[in-house]
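Here is the structure we will look at.
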Amino acid sequence: MKPEVDFVLRSVMEKLLTEVAPAVGDAYVRSNVEVIASLMAPAAEEYDRAAHVRAEENEAMRRIFRDAAPEVPDVGLRVRLEAAAAERDASLRVSDLNAANDRLRALLIEVHALVETRDEEWARRTNQAIWDELSASAKRRAISFWPL
C-alpha cells in the first residue's frame, strides 16, 4: 500500500475527531485537538492541487505580460515583462512554483500600478485581465473545508 499524503491527512483527521478528541477530558485540550484535526482537511486539499494551481497562475500572469509588453511605454519594464513572459517553470516542485509565483506577482503589482494610471485602451484591457486573474486566483485557492 502506498498511501498518498491527502489520504493520510484525512485519515488522521478522522481519527482525531472521532476517537482522540472525544476521549480527551479537558475541554481546552479537546478543543485544540479538534482545531488541529480540522486544519488537516484544507492541508489535504492543498496538497492535491498545489502544483496545478501555481502552474496555472504562473501561466496566466505570463500571458498578461505577453499581451501587455508591446504597449508598455517604459522600456525597462517592457524588457522585464518580455523576459518573464518567456520564462518557463523550472519544475513542478511546489517550492520552485512558489518562487516563480512570488516573482511574477511582484511584477504583476508593478504592471497593475502602471495601468491604473493610464487611460489608453491597452491599459484598460490589461487592468481588466489583471482583475480577472486575481478573481480566478482567489477561486482556485479557495478552501472548501471538505468534508467538514
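Residue numbering restarts at 1 in every chain; chains get A, B, ... in the order shown in the C-alpha cells, and ligands count up from 1 in that same order.
Neighbouring residues of region 89-103 of chain A at 9 Å or closer, counting only C-alpha atoms and skipping chain neighbours under 6 positions away, are Ala50, Ala51, His52, Arg54, Ala55, Glu57, Asn58, Glu59 and Met61 of chain A.
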Just write the chosen residues, C-alpha atoms, as a compact mmCIF listing (two decimals), in the first residue's frame.
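For reference, selection.txt as written:
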# COMPACT_ATOMS: atom_id res chain seq x y z
CA ALA A 50 -0.86 22.88 -5.10
CA ALA A 51 1.25 22.33 -8.22
CA HIS A 52 -1.70 22.68 -10.59
CA ARG A 54 0.55 27.54 -9.08
CA ALA A 55 1.39 26.41 -12.63
CA GLU A 57 -1.44 31.09 -12.08
CA ASN A 58 2.11 31.43 -13.37
CA GLU A 59 0.97 30.84 -16.95
CA MET A 61 0.43 36.04 -15.35
| message | Residues within 12 Å of Glu46 (chain A), please, as JSON, numbers by chain. Count only C-alpha atoms; anything in the same chain fewer than 3 positions from it doesn't count. | response | {"A": [5, 6, 9, 39, 40, 41, 42, 43, 49, 50, 51, 52, 53, 54, 94, 140, 141, 142, 143, 144, 145, 146]}
| message | I'd like the neighbourhood of region 62-71 of chain A as a list in words, where a residue qualifies if any of its atoms comes within 7 Å (using only C-alpha atoms), though same-chain residues fewer than 4 positions away should be ignored. | response | Asn58, Arg78, Leu81, Glu82, Ala84, Ala85, Trp122, Thr126 and Ala129 of chain A
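Taking CA of Asp48 (chain A) and CA of Ile109 (chain A) as the two end points, the separation is 27.9 Å.
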| query | Skipping near chain neighbours, those fewer than 3 positions away, what residues fall within 12 Å of Asn32 (chain A) using only C-alpha atoms, listed as a ChimeraX atom specification? | reply | /A:16-17,20-22,24,26-29,35-39
Selection from above, N, CA and C atoms, as a PDB file, in the first residue's frame, can you write it?
ATOM      1  N   LEU A  16      -8.581  11.692  14.829  1.00  0.00           N
ATOM      2  CA  LEU A  16      -8.533  12.722  15.872  1.00  0.00           C
ATOM      3  C   LEU A  16      -9.939  13.180  16.268  1.00  0.00           C
ATOM      4  N   LEU A  17     -10.794  13.361  15.275  1.00  0.00           N
ATOM      5  CA  LEU A  17     -12.143  13.865  15.558  1.00  0.00           C
ATOM      6  C   LEU A  17     -13.063  12.810  16.164  1.00  0.00           C
ATOM      7  N   VAL A  20      -9.861  10.416  19.270  1.00  0.00           N
ATOM      8  CA  VAL A  20      -8.991  11.096  20.233  1.00  0.00           C
ATOM      9  C   VAL A  20      -9.724  12.231  20.942  1.00  0.00           C
ATOM     10  N   ALA A  21     -10.313  13.155  20.194  1.00  0.00           N
ATOM     11  CA  ALA A  21     -10.965  14.314  20.811  1.00  0.00           C
ATOM     12  C   ALA A  21     -12.037  13.904  21.821  1.00  0.00           C
ATOM     13  N   PRO A  22     -12.921  12.952  21.479  1.00  0.00           N
ATOM     14  CA  PRO A  22     -13.944  12.580  22.473  1.00  0.00           C
ATOM     15  C   PRO A  22     -13.361  11.966  23.753  1.00  0.00           C
ATOM     16  N   VAL A  24     -10.578  12.935  25.225  1.00  0.00           N
ATOM     17  CA  VAL A  24      -9.823  13.925  25.995  1.00  0.00           C
ATOM     18  C   VAL A  24     -10.777  14.599  26.976  1.00  0.00           C
ATOM     19  N   ASP A  26     -10.133  17.166  29.253  1.00  0.00           N
ATOM     20  CA  ASP A  26     -10.002  18.611  29.396  1.00  0.00           C
ATOM     21  C   ASP A  26     -10.584  19.316  28.171  1.00  0.00           C
ATOM     22  N   ALA A  27     -11.536  20.198  28.376  1.00  0.00           N
ATOM     23  CA  ALA A  27     -12.226  20.862  27.263  1.00  0.00           C
ATOM     24  C   ALA A  27     -11.271  21.693  26.401  1.00  0.00           C
ATOM     25  N   TYR A  28     -10.324  22.358  27.026  1.00  0.00           N
ATOM     26  CA  TYR A  28      -9.370  23.185  26.281  1.00  0.00           C
ATOM     27  C   TYR A  28      -8.494  22.321  25.380  1.00  0.00           C
ATOM     28  N   VAL A  29      -7.960  21.244  25.911  1.00  0.00           N
ATOM     29  CA  VAL A  29      -7.114  20.341  25.129  1.00  0.00           C
ATOM     30  C   VAL A  29      -7.943  19.685  24.027  1.00  0.00           C
ATOM     31  N   VAL A  35      -9.332  21.532  16.568  1.00  0.00           N
ATOM     32  CA  VAL A  35      -8.819  22.556  15.644  1.00  0.00           C
ATOM     33  C   VAL A  35      -7.699  21.981  14.782  1.00  0.00           C
ATOM     34  N   ILE A  36      -6.777  21.278  15.420  1.00  0.00           N
ATOM     35  CA  ILE A  36      -5.673  20.655  14.677  1.00  0.00           C
ATOM     36  C   ILE A  36      -6.236  19.692  13.636  1.00  0.00           C
ATOM     37  N   ALA A  37      -7.183  18.880  14.031  1.00  0.00           N
ATOM     38  CA  ALA A  37      -7.794  17.931  13.101  1.00  0.00           C
ATOM     39  C   ALA A  37      -8.483  18.655  11.951  1.00  0.00           C
ATOM     40  N   SER A  38      -9.163  19.726  12.257  1.00  0.00           N
ATOM     41  CA  SER A  38      -9.888  20.479  11.231  1.00  0.00           C
ATOM     42  C   SER A  38      -8.956  21.125  10.218  1.00  0.00           C
ATOM     43  N   LEU A  39      -7.745  21.448  10.622  1.00  0.00           N
ATOM     44  CA  LEU A  39      -6.775  22.030   9.696  1.00  0.00           C
ATOM     45  C   LEU A  39      -6.218  21.008   8.708  1.00  0.00           C
TER      46      LEU A  39
END
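CA of Asp119 (chain A) lies 21.7 Å from CA of Val79 (chain A).
Straight-line separation from CA of Ala86 (chain A) to CA of Leu108 (chain A): 14.8 Å.
Of the listed residues A:Met13, A:Val75, A:Ala60, A:Ala123, the one whose atoms come nearest to Ser135 (chain A) is A:Ala60, with distances taken using only C-alpha atoms.
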| Which of region 112-148 of chain A counts as helix (DSSP H, G or I) under DSSP, as a list in words please? | His112, Ala113, Leu114, Val115, Glu121, Trp122, Ala123, Arg124, Arg125, Thr126, Asn127, Gln128, Ala129, Ile130, Trp131, Asp132, Glu133, Leu134, Ser135, Ala136, Ser137, Ala138, Lys139, Arg140 and Arg141 of chain A
